[in-house]
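Data file: model.cif. Format and content: mmCIF, C-alpha atoms.
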```cif
data_my_file
#
loop_
_atom_site.group_PDB
_atom_site.id
_atom_site.type_symbol
_atom_site.label_atom_id
_atom_site.label_comp_id
_atom_site.auth_asym_id
_atom_site.auth_seq_id
_atom_site.Cartn_x
_atom_site.Cartn_y
_atom_site.Cartn_z
ATOM 1 C CA MET A 222 0.000 0.000 0.000
ATOM 2 C CA SER A 223 1.207 3.532 -0.736
ATOM 3 C CA ASN A 224 2.632 5.642 2.025
ATOM 4 C CA PRO A 225 -0.324 7.707 3.312
ATOM 5 C CA VAL A 226 2.013 10.590 4.185
ATOM 6 C CA VAL A 227 2.998 12.743 1.205
ATOM 7 C CA LYS A 228 5.443 15.571 1.774
ATOM 8 C CA ILE A 229 4.557 18.658 -0.240
ATOM 9 C CA ARG A 230 7.748 20.670 -0.682
ATOM 10 C CA ASP A 231 8.029 24.321 -1.636
ATOM 11 C CA THR A 232 9.872 25.059 -4.880
ATOM 12 C CA GLY A 233 11.271 28.248 -3.376
ATOM 13 C CA ARG A 234 8.803 30.377 -5.326
ATOM 14 C CA ASN A 235 5.859 29.913 -2.946
ATOM 15 C CA SER A 236 4.425 26.957 -4.891
ATOM 16 C CA SER A 237 4.340 23.180 -4.534
ATOM 17 C CA ARG A 238 6.638 20.840 -6.430
ATOM 18 C CA THR A 239 4.771 19.157 -9.295
ATOM 19 C CA GLY A 240 6.018 15.658 -8.425
ATOM 20 C CA ASP A 241 4.795 16.021 -4.818
ATOM 21 C CA VAL A 242 1.328 17.063 -5.960
ATOM 22 C CA ARG A 243 1.204 14.092 -8.363
ATOM 23 C CA ASP A 244 2.175 11.728 -5.511
ATOM 24 C CA LEU A 245 -0.691 13.122 -3.447
ATOM 25 C CA ALA A 246 -3.154 12.787 -6.329
ATOM 26 C CA ASP A 247 -2.126 9.154 -6.859
ATOM 27 C CA ASN A 248 -3.243 8.346 -3.310
ATOM 28 C CA VAL A 249 -6.642 10.042 -3.186
ATOM 29 C CA ILE A 250 -10.002 8.635 -4.161
ATOM 30 C CA THR A 251 -12.954 10.694 -3.078
ATOM 31 C CA SER A 252 -15.756 8.397 -4.174
ATOM 32 C CA ALA A 253 -16.853 5.481 -6.295
ATOM 33 C CA THR A 254 -20.327 4.701 -7.606
ATOM 34 C CA SER A 255 -22.274 1.490 -8.160
ATOM 35 C CA THR A 256 -25.628 1.061 -9.885
ATOM 36 C CA THR A 257 -27.973 -1.908 -9.748
ATOM 37 C CA THR A 258 -31.523 -2.497 -10.990
ATOM 38 C CA GLY A 259 -34.130 -4.995 -9.839
ATOM 39 C CA THR A 260 -37.776 -5.824 -10.465
ATOM 40 C CA ILE A 261 -40.523 -5.095 -7.976
ATOM 41 C CA ALA A 262 -43.739 -6.933 -8.764
ATOM 42 C CA VAL A 263 -47.146 -6.344 -7.222
ATOM 43 C CA THR A 264 -47.465 -9.405 -4.983
ATOM 44 C CA ALA A 265 -47.999 -8.758 -1.276
ATOM 45 C CA ASN A 266 -45.401 -10.125 1.137
ATOM 46 C CA ALA A 267 -43.100 -11.163 -1.716
ATOM 47 C CA THR A 268 -39.496 -9.962 -1.625
ATOM 48 C CA TYR A 269 -37.452 -8.398 -4.399
ATOM 49 C CA ASP A 270 -33.686 -8.305 -3.878
ATOM 50 C CA VAL A 271 -30.698 -6.667 -5.584
ATOM 51 C CA SER A 272 -27.075 -6.714 -4.488
ATOM 52 C CA PHE A 273 -23.945 -4.615 -4.970
ATOM 53 C CA THR A 274 -20.351 -4.621 -3.752
ATOM 54 C CA GLN A 275 -19.085 -2.003 -1.335
ATOM 55 C CA PRO A 276 -15.357 -1.364 -1.906
ATOM 56 C CA ALA A 277 -12.924 -1.773 0.989
ATOM 57 C CA ASP A 278 -12.255 1.206 3.254
ATOM 58 C CA THR A 279 -15.401 3.085 2.204
ATOM 59 C CA SER A 280 -18.569 4.419 3.755
ATOM 60 C CA ILE A 281 -21.893 4.683 1.945
ATOM 61 C CA LYS A 282 -22.312 8.382 1.215
ATOM 62 C CA ASN A 283 -25.507 8.315 -0.850
ATOM 63 C CA LEU A 284 -28.031 5.600 -1.629
ATOM 64 C CA ILE A 285 -30.667 6.716 -4.117
ATOM 65 C CA MET A 286 -33.697 4.739 -5.293
ATOM 66 C CA ILE A 287 -35.406 5.611 -8.577
ATOM 67 C CA ALA A 288 -38.565 3.678 -9.477
ATOM 68 C CA ASN A 289 -38.834 3.325 -13.245
ATOM 69 C CA GLY A 290 -42.644 3.181 -13.044
ATOM 70 C CA ASN A 291 -45.141 4.389 -10.450
ATOM 71 C CA LEU A 292 -45.336 2.374 -7.232
ATOM 72 C CA VAL A 293 -48.722 2.723 -5.522
ATOM 73 C CA THR A 294 -49.774 1.010 -2.290
ATOM 74 C CA ALA A 295 -53.212 -0.639 -2.047
ATOM 75 C CA GLY A 296 -54.716 2.002 0.234
ATOM 76 C CA ALA A 297 -55.402 0.021 3.409
ATOM 77 C CA SER A 298 -53.544 0.589 6.664
ATOM 78 C CA GLY A 299 -50.382 -1.533 6.692
ATOM 79 C CA ASP A 300 -50.009 -1.664 2.894
ATOM 80 C CA ASP A 301 -46.465 -0.312 3.063
ATOM 81 C CA ILE A 302 -43.533 -0.816 0.733
ATOM 82 C CA ASP A 303 -40.616 -1.699 3.002
ATOM 83 C CA PHE A 304 -36.914 -1.124 2.331
ATOM 84 C CA ASP A 305 -34.140 -3.251 3.854
ATOM 85 C CA LEU A 306 -30.331 -3.001 3.583
ATOM 86 C CA GLY A 307 -28.088 -5.741 4.915
ATOM 87 C CA THR A 308 -25.078 -7.982 4.539
ATOM 88 C CA ALA A 309 -27.455 -10.884 3.803
ATOM 89 C CA ALA A 310 -30.589 -10.801 1.637
ATOM 90 C CA GLY A 311 -33.430 -9.618 3.859
ATOM 91 C CA GLY A 312 -31.097 -9.513 6.837
ATOM 92 C CA GLY A 313 -31.595 -5.861 7.724
ATOM 93 C CA GLN A 314 -28.189 -5.602 9.370
ATOM 94 C CA ILE A 315 -27.815 -1.939 8.325
ATOM 95 C CA ILE A 316 -31.398 -0.708 7.813
ATOM 96 C CA ASN A 317 -34.079 -3.157 8.932
ATOM 97 C CA GLU A 318 -37.459 -3.056 7.116
ATOM 98 C CA LYS A 319 -38.527 0.571 7.091
ATOM 99 C CA ALA A 320 -41.438 1.848 4.993
ATOM 100 C CA ILE A 321 -40.370 4.023 2.071
ATOM 101 C CA ALA A 322 -44.121 4.293 1.341
ATOM 102 C CA ASP A 323 -46.020 4.172 4.657
ATOM 103 C CA ASP A 324 -49.696 3.430 3.960
ATOM 104 C CA GLY A 325 -51.849 4.424 6.944
ATOM 105 C CA GLY A 326 -55.170 3.906 5.157
ATOM 106 C CA SER A 327 -54.751 6.012 2.011
ATOM 107 C CA ALA A 328 -52.811 4.909 -1.048
ATOM 108 C CA VAL A 329 -49.239 6.253 -1.155
ATOM 109 C CA THR A 330 -47.478 6.837 -4.496
ATOM 110 C CA ILE A 331 -43.820 6.863 -5.420
ATOM 111 C CA THR A 332 -43.892 8.548 -8.827
ATOM 112 C CA ALA A 333 -41.723 7.169 -11.615
ATOM 113 C CA ASN A 334 -38.268 8.733 -12.043
ATOM 114 C CA THR A 335 -38.314 10.445 -8.635
ATOM 115 C CA PRO A 336 -34.926 10.089 -6.885
ATOM 116 C CA LEU A 337 -35.413 9.112 -3.233
ATOM 117 C CA TYR A 338 -32.263 9.718 -1.186
ATOM 118 C CA ILE A 339 -32.575 6.897 1.335
ATOM 119 C CA ILE A 340 -29.100 7.885 2.569
ATOM 120 C CA ALA A 341 -27.865 11.426 1.805
ATOM 121 C CA ASN A 342 -24.350 12.534 2.737
ATOM 122 C CA GLY A 343 -24.045 9.590 5.111
ATOM 123 C CA VAL A 344 -27.302 10.357 6.939
ATOM 124 C CA PRO A 345 -30.361 8.099 6.609
ATOM 125 C CA ALA A 346 -33.653 9.749 5.620
ATOM 126 C CA ALA A 347 -35.894 11.034 8.414
ATOM 127 C CA ALA A 348 -39.588 10.164 8.679
ATOM 128 C CA ASN A 349 -41.577 11.709 5.810
ATOM 129 C CA ALA A 350 -38.357 13.040 4.262
ATOM 130 C CA PHE A 351 -39.709 12.556 0.731
ATOM 131 C CA SER A 352 -43.090 14.266 1.306
ATOM 132 C CA THR A 353 -41.919 17.729 0.240
ATOM 133 C CA MET A 354 -40.466 16.639 -3.082
ATOM 134 C CA SER A 355 -42.457 16.425 -6.292
ATOM 135 C CA GLY A 356 -43.342 12.755 -6.866
ATOM 136 C CA GLY A 357 -42.135 11.559 -3.467
ATOM 137 C CA PRO A 358 -44.324 9.440 -1.193
ATOM 138 C CA ALA A 359 -46.428 11.508 1.233
ATOM 139 C CA THR A 360 -45.490 9.324 4.193
ATOM 140 C CA SER A 361 -42.423 7.214 5.013
ATOM 141 C CA GLU A 362 -40.694 5.880 8.109
ATOM 142 C CA ALA A 363 -37.305 7.049 9.372
ATOM 143 C CA MET A 364 -34.497 4.967 7.861
ATOM 144 C CA THR A 365 -32.699 4.246 11.140
ATOM 145 C CA LEU A 366 -29.281 2.584 11.107
ATOM 146 C CA SER A 367 -28.678 -0.724 12.856
ATOM 147 C CA ALA A 368 -24.953 -0.780 11.955
ATOM 148 C CA SER A 369 -22.228 1.397 10.446
ATOM 149 C CA LEU A 370 -22.198 2.413 6.793
ATOM 150 C CA TYR A 371 -18.393 1.967 6.838
ATOM 151 C CA SER A 372 -16.547 -1.233 5.973
ATOM 152 C CA SER A 373 -12.784 -1.813 6.107
ATOM 153 C CA ALA A 374 -13.124 -4.842 3.792
ATOM 154 C CA ALA A 375 -15.014 -5.169 0.516
ATOM 155 C CA ARG A 376 -18.456 -6.676 1.123
ATOM 156 C CA THR A 377 -21.607 -7.601 -0.742
ATOM 157 C CA LEU A 378 -24.687 -5.711 0.405
ATOM 158 C CA HIS A 379 -28.311 -6.532 -0.365
ATOM 159 C CA ILE A 380 -31.283 -4.226 -0.858
ATOM 160 C CA ARG A 381 -34.763 -5.654 -0.443
ATOM 161 C CA LEU A 382 -38.123 -4.113 -1.376
ATOM 162 C CA LYS A 383 -41.234 -5.753 0.011
ATOM 163 C CA PRO A 384 -44.894 -4.772 -0.507
ATOM 164 C CA LEU A 385 -46.714 -5.720 2.694
ATOM 165 C CA ALA A 386 -50.367 -6.697 3.414
ATOM 166 C CA ASN A 387 -52.055 -6.357 -0.022
ATOM 167 C CA ASP A 388 -50.839 -6.359 -3.630
ATOM 168 C CA LEU A 389 -49.658 -3.029 -5.023
ATOM 169 C CA ALA A 390 -52.213 -1.043 -7.014
ATOM 170 C CA THR A 391 -49.860 -0.732 -10.021
ATOM 171 C CA ALA A 392 -48.186 -3.054 -12.479
ATOM 172 C CA ALA A 393 -44.750 -4.535 -11.896
ATOM 173 C CA THR A 394 -41.816 -2.229 -12.626
ATOM 174 C CA THR A 395 -38.115 -1.940 -11.922
ATOM 175 C CA ALA A 396 -36.227 0.187 -9.440
ATOM 176 C CA THR A 397 -32.690 1.460 -9.945
ATOM 177 C CA PHE A 398 -30.387 2.049 -6.998
ATOM 178 C CA ILE A 399 -27.402 4.371 -7.227
ATOM 179 C CA ILE A 400 -24.876 3.931 -4.434
ATOM 180 C CA GLU A 401 -22.035 6.400 -3.897
ATOM 181 C CA PHE A 402 -19.157 5.460 -1.615
ATOM 182 C CA GLN A 403 -16.774 7.809 0.188
ATOM 183 C CA HIS A 404 -13.236 6.407 0.248
ATOM 184 C CA LEU A 405 -11.599 6.933 3.634
ATOM 185 C CA GLY A 406 -8.018 5.771 3.103
ATOM 186 C CA VAL A 407 -5.206 5.550 0.622
ATOM 187 C CA THR A 408 -5.408 3.501 -2.527
ATOM 188 C CA PRO A 409 -3.458 0.267 -2.831
ATOM 189 C CA ASP A 410 -0.457 0.138 -5.162
#
```
So, in terms of structure tokens, how does the structure I just supplied come out?
Amino acid sequence: MSNPVVKIRDTGRNSSRTGDVRDLADNVITSATSTTTGTIAVTANATYDVSFTQPADTSIKNLIMIANGNLVTAGASGDDIDFDLGTAAGGGQIINEKAIADDGGSAVTITANTPLYIIANGVPAAANAFSTMSGGPATSEAMTLSASLYSSAARTLHIRLKPLANDLATAATTATFIIEFQHLGVTPD
């Protein structure tokens, strides 16, 4: 692994030596991005999973869900669409089954092509965080963390969407997840 300490020397003219700046640049990664897409059908209590790899020595900075078609709950209390993030499919080790569309008796819609920042700048979404955005669901639960977003080793993570009590009121569609990682160390040689 590269030496994490880079000495930036002055050229004598109040500027940095070019070679020192290049050495620093060779050891810095600010972020990496992963994208994955999965199908969400209409069937109640069925699970729909996608997975992605988190690089070593990173923290999840942003996790964005974009439904490629409208997702509409059935309109009866408990007809939520739950979101889960874990190290095992459906495990919920990081975020355990929280409603991204929280149906309390009225249908809740996630409009197609609306980016929902489930995690934004390393902070999980608060309750009803999407209600003020155009196309966002009117009600949602807080996406509370059960474990750290950081991992020192590369790991496979799993996202699960699950319509609860009754079938969704819309046809099956896909959802795309964009995951941005913040690198917290030096890059390997």
Problem - Selection dump of the PyMOL selection byres ((chain A and resi 318) around 7), as a PyMOL selection string - result: chain A and resi 303-305+313+316-317+319-320
Writing out the chosen residues with C-alpha atoms as a PDB file, in the coordinates of the input:
```
ATOM      1  CA  ASP A 303     -40.616  -1.699   3.002  1.00  0.00           C
ATOM      2  CA  PHE A 304     -36.914  -1.124   2.331  1.00  0.00           C
ATOM      3  CA  ASP A 305     -34.140  -3.251   3.854  1.00  0.00           C
ATOM      4  CA  GLY A 313     -31.595  -5.861   7.724  1.00  0.00           C
ATOM      5  CA  ILE A 316     -31.398  -0.708   7.813  1.00  0.00           C
ATOM      6  CA  ASN A 317     -34.079  -3.157   8.932  1.00  0.00           C
ATOM      7  CA  LYS A 319     -38.527   0.571   7.091  1.00  0.00           C
ATOM      8  CA  ALA A 320     -41.438   1.848   4.993  1.00  0.00           C
TER       9      ALA A 320
END
```
Handout entry: Spatial neighbours of stretch 362-369 of chain A, 8 Å, all atoms listed in the file, chain gap at least 4 places, as a PyMOL selection string
Key = chain A and resi 313-317+319-323+339+345-350
Saved selection, atoms kept: C-alpha atoms, as a PDB file, in the coordinates of the input:
```pdb
ATOM      1  CA  GLY A 313     -31.595  -5.861   7.724  1.00  0.00           C
ATOM      2  CA  GLN A 314     -28.189  -5.602   9.370  1.00  0.00           C
ATOM      3  CA  ILE A 315     -27.815  -1.939   8.325  1.00  0.00           C
ATOM      4  CA  ILE A 316     -31.398  -0.708   7.813  1.00  0.00           C
ATOM      5  CA  ASN A 317     -34.079  -3.157   8.932  1.00  0.00           C
ATOM      6  CA  LYS A 319     -38.527   0.571   7.091  1.00  0.00           C
ATOM      7  CA  ALA A 320     -41.438   1.848   4.993  1.00  0.00           C
ATOM      8  CA  ILE A 321     -40.370   4.023   2.071  1.00  0.00           C
ATOM      9  CA  ALA A 322     -44.121   4.293   1.341  1.00  0.00           C
ATOM     10  CA  ASP A 323     -46.020   4.172   4.657  1.00  0.00           C
ATOM     11  CA  ILE A 339     -32.575   6.897   1.335  1.00  0.00           C
ATOM     12  CA  PRO A 345     -30.361   8.099   6.609  1.00  0.00           C
ATOM     13  CA  ALA A 346     -33.653   9.749   5.620  1.00  0.00           C
ATOM     14  CA  ALA A 347     -35.894  11.034   8.414  1.00  0.00           C
ATOM     15  CA  ALA A 348     -39.588  10.164   8.679  1.00  0.00           C
ATOM     16  CA  ASN A 349     -41.577  11.709   5.810  1.00  0.00           C
ATOM     17  CA  ALA A 350     -38.357  13.040   4.262  1.00  0.00           C
TER      18      ALA A 350
END
```
Exercise for the section: Give me the residues within 7 Å of A:Ile261 as a VMD selection string, counting only C-alpha atoms and dropping any in the same chain fewer than 6 places off. Expected result: chain A and resid 269 393 to 396
Practice task
Using only C-alpha atoms, determine which residues lie at most 6 Å from A:Gly357, disregarding the query and same-chain residues fewer than 5 positions distant; provide the list as a PyMOL selection string.
Solution key: chain A and resi 331+351-352
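Between atom CA of A:Met354 and atom CA of A:Phe273 the interatomic distance comes to 27.0 Å.
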Compile a residue-level contact table for stretch 284-370 of chain A against stretch 276-280 of chain A at a cut-off of 12 Å, reporting for every qualifying residue the shortest atom pair and its distance in Å to one decimal, with all atoms listed in the file counted, rows ordered by chain and ascending number, as a tab-separated table.
```
residue	atom	partner	partner_atom	distance
A:Leu284	CA	A:Ser280	CA	11.0
A:Ile340	CA	A:Ser280	CA	11.1
A:Ala341	CA	A:Ser280	CA	11.8
A:Asn342	CA	A:Ser280	CA	10.0
A:Gly343	CA	A:Ser280	CA	7.7
A:Val344	CA	A:Ser280	CA	11.0
A:Ala368	CA	A:Ser280	CA	11.6
A:Ser369	CA	A:Ser280	CA	8.2
A:Leu370	CA	A:Ser280	CA	5.1
```
The selected residues should be written to file as a PDB file, in the frame of the given file (atoms: C-alpha atoms).
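Saved as again_29.pdb:
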```pdb
ATOM      1  CA  LEU A 284     -28.031   5.600  -1.629  1.00  0.00           C
ATOM      2  CA  ILE A 340     -29.100   7.885   2.569  1.00  0.00           C
ATOM      3  CA  ALA A 341     -27.865  11.426   1.805  1.00  0.00           C
ATOM      4  CA  ASN A 342     -24.350  12.534   2.737  1.00  0.00           C
ATOM      5  CA  GLY A 343     -24.045   9.590   5.111  1.00  0.00           C
ATOM      6  CA  VAL A 344     -27.302  10.357   6.939  1.00  0.00           C
ATOM      7  CA  ALA A 368     -24.953  -0.780  11.955  1.00  0.00           C
ATOM      8  CA  SER A 369     -22.228   1.397  10.446  1.00  0.00           C
ATOM      9  CA  LEU A 370     -22.198   2.413   6.793  1.00  0.00           C
TER      10      LEU A 370
END
```
Exercise for the section: Kindly resolve the PyMOL selection byres ((chain A and resi 326) around 6) on the present coordinates and return the residues as an MDAnalysis selection string. Expected result: chainID A and resid 296:298 324:325 327
Practice task
Considering all atoms listed in the file, return as an MDAnalysis selection string whatever protein or nucleic-acid residues lie within 6 Å of A:Pro384, sequence-local ones (same chain, fewer than 4 positions apart) excluded.
Solution key: chainID A and resid 265:266 301:302
Exercise for the section: Place a sphere of radius 6 Å on (-41.9, -7.2, -0.4) in the file coordinates and name every protein, DNA or RNA residue with an atom inside or on its surface, counting all atoms listed in the file; give the answer as a list in words. Expected result: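 Residues with an atom at most 6 Å from (-41.9, -7.2, -0.4): Asn266, Ala267, Thr268, Leu382, Lys383, Pro384 and Leu385 of chain A.
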Same residues, C-alpha atoms, output as a CSV table (one decimal), in the frame of the given file:
```
chain,number,residue,atom,x,y,z
A,266,ASN,CA,-45.4,-10.1,1.1
A,267,ALA,CA,-43.1,-11.2,-1.7
A,268,THR,CA,-39.5,-10.0,-1.6
A,382,LEU,CA,-38.1,-4.1,-1.4
A,383,LYS,CA,-41.2,-5.8,0.0
A,384,PRO,CA,-44.9,-4.8,-0.5
A,385,LEU,CA,-46.7,-5.7,2.7
```
Handout entry: Between atom CA of A:Phe402 and atom CA of A:Asn334, distance in Å (one decimal)
Key =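 These atoms are spaced 22.0 Å apart.
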